[in-house]
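Source file: query.csv. Holds: CSV, N, CA, C and O atoms.
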```
chain,number,residue,atom,x,y,z
D,1,MET,N,181.2,17.0,159.4
D,1,MET,CA,181.8,18.3,159.8
D,1,MET,C,180.6,19.3,160.0
D,1,MET,O,179.8,19.4,159.1
D,2,MET,N,180.6,20.0,161.1
D,2,MET,CA,179.5,20.9,161.3
D,2,MET,C,179.9,22.3,160.7
D,2,MET,O,181.0,22.7,160.8
D,3,THR,N,178.9,22.9,160.0
D,3,THR,CA,179.2,24.1,159.3
D,3,THR,C,178.5,25.3,160.1
D,3,THR,O,178.9,26.4,159.8
D,4,GLY,N,177.6,25.1,160.9
D,4,GLY,CA,176.9,26.2,161.6
D,4,GLY,C,177.2,26.1,163.1
D,4,GLY,O,177.3,25.1,163.7
D,5,SER,N,177.3,27.3,163.8
D,5,SER,CA,177.6,27.3,165.2
D,5,SER,C,176.4,27.2,166.0
D,5,SER,O,176.5,27.0,167.2
D,6,SER,N,175.2,27.3,165.4
D,6,SER,CA,174.0,27.2,166.2
D,6,SER,C,173.5,25.8,166.5
D,6,SER,O,172.6,25.6,167.2
D,7,HIS,N,174.2,24.8,165.9
D,7,HIS,CA,173.8,23.4,166.0
D,7,HIS,C,174.3,22.9,167.4
D,7,HIS,O,175.5,22.9,167.7
D,8,THR,N,173.4,22.4,168.2
D,8,THR,CA,173.8,21.7,169.5
D,8,THR,C,173.6,20.2,169.3
D,8,THR,O,172.5,19.8,168.9
D,9,ILE,N,174.6,19.5,169.7
D,9,ILE,CA,174.5,18.0,169.6
D,9,ILE,C,173.7,17.5,170.8
D,9,ILE,O,174.0,17.8,172.0
D,10,ASP,N,172.7,16.6,170.5
D,10,ASP,CA,171.9,15.9,171.6
D,10,ASP,C,172.7,14.7,171.9
D,10,ASP,O,172.5,13.7,171.2
D,11,TRP,N,173.6,14.7,172.9
D,11,TRP,CA,174.4,13.5,173.2
D,11,TRP,C,173.7,12.3,173.6
D,11,TRP,O,174.1,11.2,173.3
D,12,GLU,N,172.6,12.4,174.2
D,12,GLU,CA,171.8,11.3,174.6
D,12,GLU,C,171.2,10.6,173.4
D,12,GLU,O,171.1,9.4,173.3
D,13,GLN,N,170.7,11.4,172.4
D,13,GLN,CA,170.2,10.9,171.2
D,13,GLN,C,171.3,10.2,170.4
D,13,GLN,O,171.1,9.1,169.8
D,14,ARG,N,172.5,10.8,170.3
D,14,ARG,CA,173.6,10.2,169.7
D,14,ARG,C,174.0,8.9,170.3
D,14,ARG,O,174.3,7.9,169.6
D,15,ARG,N,174.0,8.8,171.7
D,15,ARG,CA,174.3,7.6,172.4
D,15,ARG,C,173.3,6.5,172.0
D,15,ARG,O,173.7,5.4,171.7
D,16,TYR,N,172.0,6.8,171.9
D,16,TYR,CA,171.0,5.8,171.5
D,16,TYR,C,171.3,5.3,170.1
D,16,TYR,O,171.3,4.1,169.8
D,17,GLU,N,171.6,6.3,169.2
D,17,GLU,CA,171.8,5.9,167.8
D,17,GLU,C,173.1,5.0,167.6
D,17,GLU,O,173.1,4.1,166.9
D,18,MET,N,174.1,5.4,168.3
D,18,MET,CA,175.4,4.6,168.3
D,18,MET,C,175.2,3.2,168.9
D,18,MET,O,175.6,2.2,168.3
D,19,ALA,N,174.5,3.2,170.0
D,19,ALA,CA,174.3,1.9,170.7
D,19,ALA,C,173.4,1.0,169.7
D,19,ALA,O,173.7,-0.2,169.6
D,20,LYS,N,172.4,1.5,169.1
D,20,LYS,CA,171.6,0.8,168.1
D,20,LYS,C,172.5,0.3,167.0
D,20,LYS,O,172.3,-0.9,166.6
D,21,ASP,N,173.3,1.1,166.4
D,21,ASP,CA,174.2,0.7,165.3
D,21,ASP,C,175.2,-0.4,165.8
D,21,ASP,O,175.5,-1.3,165.1
D,22,PHE,N,175.8,-0.2,167.0
D,22,PHE,CA,176.7,-1.1,167.5
D,22,PHE,C,176.1,-2.5,167.7
D,22,PHE,O,176.6,-3.5,167.4
D,23,LEU,N,174.8,-2.5,168.3
D,23,LEU,CA,174.1,-3.7,168.5
D,23,LEU,C,173.9,-4.5,167.2
D,23,LEU,O,174.1,-5.7,167.0
D,24,ALA,N,173.4,-3.7,166.2
D,24,ALA,CA,173.2,-4.3,164.8
D,24,ALA,C,174.5,-4.9,164.3
D,24,ALA,O,174.5,-6.0,163.7
D,25,ALA,N,175.6,-4.2,164.5
D,25,ALA,CA,176.9,-4.8,164.0
D,25,ALA,C,177.3,-6.0,164.8
D,25,ALA,O,177.7,-7.0,164.2
D,26,LEU,N,177.1,-6.0,166.1
D,26,LEU,CA,177.4,-7.2,166.9
D,26,LEU,C,176.6,-8.4,166.5
D,26,LEU,O,177.1,-9.5,166.5
D,27,LEU,N,175.3,-8.2,166.1
D,27,LEU,CA,174.4,-9.3,165.7
D,27,LEU,C,174.7,-9.8,164.3
D,27,LEU,O,174.1,-10.7,163.9
D,28,THR,N,175.7,-9.2,163.6
D,28,THR,CA,176.2,-9.8,162.4
D,28,THR,C,177.3,-10.9,162.7
D,28,THR,O,177.6,-11.6,161.8
D,29,ASN,N,177.7,-11.0,163.9
D,29,ASN,CA,178.7,-12.0,164.3
D,29,ASN,C,178.0,-13.3,164.7
D,29,ASN,O,177.2,-13.3,165.6
D,30,GLU,N,178.3,-14.4,164.0
D,30,GLU,CA,177.6,-15.7,164.3
D,30,GLU,C,177.7,-16.1,165.7
D,30,GLU,O,176.8,-16.6,166.3
D,31,SER,N,178.9,-15.9,166.4
D,31,SER,CA,179.0,-16.4,167.7
D,31,SER,C,178.1,-15.6,168.7
D,31,SER,O,177.6,-16.1,169.7
D,32,VAL,N,178.0,-14.3,168.4
D,32,VAL,CA,177.1,-13.5,169.3
D,32,VAL,C,175.7,-13.9,169.1
D,32,VAL,O,174.9,-14.1,170.1
D,33,VAL,N,175.2,-14.1,167.9
D,33,VAL,CA,173.9,-14.6,167.6
D,33,VAL,C,173.6,-16.0,168.2
D,33,VAL,O,172.6,-16.2,168.8
D,34,ARG,N,174.6,-16.9,168.1
D,34,ARG,CA,174.5,-18.2,168.7
D,34,ARG,C,174.3,-18.1,170.2
D,34,ARG,O,173.5,-18.7,170.8
D,35,GLU,N,175.1,-17.2,170.9
D,35,GLU,CA,175.0,-17.0,172.3
D,35,GLU,C,173.6,-16.5,172.7
D,35,GLU,O,173.0,-16.9,173.7
D,36,VAL,N,173.2,-15.5,172.0
D,36,VAL,CA,171.8,-14.9,172.3
D,36,VAL,C,170.7,-16.0,172.1
D,36,VAL,O,169.9,-16.1,172.9
D,37,ALA,N,170.8,-16.7,171.0
D,37,ALA,CA,169.8,-17.7,170.7
D,37,ALA,C,169.8,-18.9,171.7
D,37,ALA,O,168.8,-19.4,172.2
D,38,THR,N,171.0,-19.3,172.1
D,38,THR,CA,171.2,-20.4,173.1
D,38,THR,C,170.7,-20.0,174.5
D,38,THR,O,170.0,-20.8,175.1
D,39,ASN,N,171.1,-18.9,174.9
D,39,ASN,CA,170.7,-18.4,176.3
D,39,ASN,C,169.5,-17.6,176.4
D,39,ASN,O,169.1,-17.2,177.5
D,40,ARG,N,169.0,-17.2,175.2
D,40,ARG,CA,167.8,-16.3,175.2
D,40,ARG,C,168.0,-15.1,176.0
D,40,ARG,O,167.2,-14.6,176.8
D,41,ASN,N,169.2,-14.6,176.0
D,41,ASN,CA,169.6,-13.4,176.8
D,41,ASN,C,170.4,-12.4,175.9
D,41,ASN,O,171.5,-12.7,175.5
D,42,THR,N,169.8,-11.3,175.7
D,42,THR,CA,170.4,-10.3,174.9
D,42,THR,C,171.2,-9.3,175.7
D,42,THR,O,171.9,-8.4,175.2
D,43,GLY,N,171.2,-9.5,177.1
D,43,GLY,CA,171.8,-8.5,178.0
D,43,GLY,C,173.3,-8.3,177.7
D,43,GLY,O,173.7,-7.2,177.7
D,44,GLY,N,174.0,-9.3,177.4
D,44,GLY,CA,175.5,-9.2,177.1
D,44,GLY,C,175.7,-8.3,175.9
D,44,GLY,O,176.6,-7.4,175.9
D,45,ALA,N,175.0,-8.6,174.8
D,45,ALA,CA,175.2,-7.9,173.6
D,45,ALA,C,174.7,-6.4,173.7
D,45,ALA,O,175.4,-5.5,173.3
D,46,VAL,N,173.6,-6.2,174.4
D,46,VAL,CA,173.1,-4.9,174.6
D,46,VAL,C,174.1,-4.1,175.5
D,46,VAL,O,174.4,-2.9,175.2
D,47,SER,N,174.6,-4.7,176.6
D,47,SER,CA,175.5,-4.0,177.5
D,47,SER,C,176.8,-3.6,176.7
D,47,SER,O,177.3,-2.6,176.9
D,48,ALA,N,177.3,-4.5,175.8
D,48,ALA,CA,178.5,-4.3,175.0
D,48,ALA,C,178.2,-3.1,174.1
D,48,ALA,O,179.0,-2.2,173.9
D,49,ALA,N,177.0,-3.1,173.5
D,49,ALA,CA,176.7,-2.0,172.5
D,49,ALA,C,176.6,-0.7,173.2
D,49,ALA,O,177.2,0.4,172.7
D,50,VAL,N,176.0,-0.6,174.4
D,50,VAL,CA,175.9,0.6,175.2
D,50,VAL,C,177.3,1.1,175.6
D,50,VAL,O,177.7,2.2,175.6
D,51,ALA,N,178.2,0.1,176.1
D,51,ALA,CA,179.5,0.4,176.5
D,51,ALA,C,180.3,1.0,175.3
D,51,ALA,O,181.1,2.0,175.5
D,52,PHE,N,180.2,0.4,174.1
D,52,PHE,CA,180.9,1.0,173.0
D,52,PHE,C,180.4,2.4,172.7
D,52,PHE,O,181.2,3.3,172.4
D,53,ALA,N,179.1,2.6,172.8
D,53,ALA,CA,178.5,4.0,172.5
D,53,ALA,C,179.1,4.9,173.6
D,53,ALA,O,179.4,6.1,173.2
D,54,ASP,N,179.1,4.5,174.8
D,54,ASP,CA,179.6,5.4,175.9
D,54,ASP,C,181.1,5.8,175.6
D,54,ASP,O,181.5,6.9,175.8
D,55,LYS,N,181.9,4.8,175.2
D,55,LYS,CA,183.3,5.1,174.9
D,55,LYS,C,183.4,6.1,173.7
D,55,LYS,O,184.2,7.0,173.7
D,56,MET,N,182.6,5.9,172.7
D,56,MET,CA,182.6,6.8,171.6
D,56,MET,C,182.2,8.2,172.0
D,56,MET,O,182.8,9.2,171.5
D,57,ILE,N,181.2,8.3,172.8
D,57,ILE,CA,180.7,9.6,173.3
D,57,ILE,C,181.9,10.3,174.0
D,57,ILE,O,182.1,11.5,173.8
D,58,VAL,N,182.6,9.6,174.9
D,58,VAL,CA,183.7,10.2,175.6
D,58,VAL,C,184.8,10.7,174.7
D,58,VAL,O,185.3,11.7,174.8
D,59,ALA,N,185.0,9.8,173.7
D,59,ALA,CA,186.1,10.2,172.7
D,59,ALA,C,185.7,11.4,171.8
D,59,ALA,O,186.5,12.3,171.5
D,60,LEU,N,184.4,11.5,171.5
D,60,LEU,CA,183.9,12.6,170.7
D,60,LEU,C,183.6,13.9,171.5
D,60,LEU,O,183.9,15.0,171.0
D,61,HIS,N,183.1,13.7,172.7
D,61,HIS,CA,182.6,14.9,173.4
D,61,HIS,C,183.6,15.3,174.5
D,61,HIS,O,183.7,16.4,174.9
D,62,GLY,N,184.3,14.3,175.0
D,62,GLY,CA,185.3,14.6,176.0
D,62,GLY,C,184.8,14.6,177.4
D,62,GLY,O,183.9,14.2,177.9
```
Represent the structure from my file as C-alpha coordinates, please.
Amino acid sequence: MMTGSSHTIDWEQRRYEMAKDFLAALLTNESVVREVATNRNTGGAVSAAVAFADKMIVALHG
(Lines of atoms letter the chains of each structure in order from A and count residues from 1; the text may use other names and numbers.)
(Lines give C-alpha, C1' and ligand atoms only; values in the text may rest on other atoms or scores of the structure.)
Protein backbone atom coordinates (compact mmCIF):
# COMPACT_ATOMS: atom_id res chain seq x y z
CA MET A 1 0.00 0.00 0.00
CA MET A 2 1.34 3.42 -0.95
CA THR A 3 1.41 5.99 1.81
CA GLY A 4 2.73 9.04 -0.06
CA SER A 5 1.14 10.80 -3.00
CA SER A 6 4.49 11.88 -4.47
CA HIS A 7 5.45 8.32 -5.42
CA THR A 8 5.16 7.63 -9.16
CA ILE A 9 5.22 4.02 -10.30
CA ASP A 10 7.69 3.19 -13.08
CA TRP A 11 5.48 0.72 -14.96
CA GLU A 12 8.24 -0.38 -17.33
CA GLN A 13 10.47 -1.24 -14.36
CA ARG A 14 7.58 -3.07 -12.68
CA ARG A 15 6.98 -4.99 -15.94
CA TYR A 16 10.63 -6.07 -16.01
CA GLU A 17 10.56 -7.12 -12.35
CA MET A 18 7.32 -9.08 -12.76
CA ALA A 19 8.49 -10.80 -15.96
CA LYS A 20 11.72 -11.80 -14.22
CA ASP A 21 9.79 -13.22 -11.26
CA PHE A 22 7.29 -15.02 -13.51
CA LEU A 23 10.15 -16.56 -15.53
CA ALA A 24 11.82 -17.77 -12.34
CA ALA A 25 8.52 -19.32 -11.25
CA LEU A 26 8.00 -20.98 -14.65
CA LEU A 27 11.47 -22.49 -14.45
CA THR A 28 10.54 -24.30 -11.25
CA ASN A 29 8.21 -26.45 -13.39
CA GLU A 30 9.96 -29.63 -14.55
CA SER A 31 8.13 -29.78 -17.86
CA VAL A 32 9.11 -26.20 -18.72
CA VAL A 33 12.74 -26.89 -17.82
CA ARG A 34 12.69 -30.09 -19.88
CA GLU A 35 11.25 -28.22 -22.88
CA VAL A 36 13.89 -25.49 -22.61
CA ALA A 37 16.70 -28.03 -22.23
CA THR A 38 15.48 -30.27 -25.05
CA ASN A 39 14.90 -27.52 -27.59
CA ARG A 40 17.51 -25.08 -26.28
CA ASN A 41 14.86 -22.43 -26.78
CA THR A 42 13.81 -20.16 -23.96
CA GLY A 43 11.56 -18.09 -26.21
CA GLY A 44 8.34 -19.78 -25.13
CA ALA A 45 9.03 -19.41 -21.43
CA VAL A 46 10.20 -15.81 -21.84
CA SER A 47 7.17 -14.91 -23.96
CA ALA A 48 4.86 -16.45 -21.37
CA ALA A 49 6.57 -14.54 -18.54
CA VAL A 50 6.26 -11.23 -20.40
CA ALA A 51 2.62 -11.97 -21.26
CA PHE A 52 1.87 -12.66 -17.58
CA ALA A 53 3.60 -9.41 -16.61
CA ASP A 54 1.64 -7.47 -19.22
CA LYS A 55 -1.65 -8.91 -17.94
CA MET A 56 -0.68 -8.00 -14.39
CA ILE A 57 0.20 -4.43 -15.41
CA VAL A 58 -3.19 -4.06 -17.11
CA ALA A 59 -4.92 -5.39 -13.99
CA LEU A 60 -2.98 -3.07 -11.68
CA HIS A 61 -2.70 0.03 -13.81
CA GLY A 62 -5.75 -0.23 -16.02
Which residues are close to stretch 23-39 of chain D, i.e. within 7 Å by all atoms listed in the file, leaving aside same-chain residues fewer than 6 positions away? Reply as a list in words.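 Answer for this query is Glu17, Ala45, Val46, Ala48, Ala49 and Val50 of chain D.
Between atom C of D:Arg14 and atom O of D:Ala53 the interatomic distance comes to 6.7 Å.
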Provide the atom N of D:Asp10 to atom C of D:Phe22 distance in Å, to one decimal place. 19.6 Å
In chain D, what's alpha helix (DSSP H) per DSSP? Answer as a PyMOL selection string? chain D and resi 11-26+30-39+43-61
Could you state the separation of atom N of D:Lys20 and atom CA of D:Thr8 in Å, given to one decimal place?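 Going from atom N of D:Lys20 over to atom CA of D:Thr8 covers 20.3 Å.
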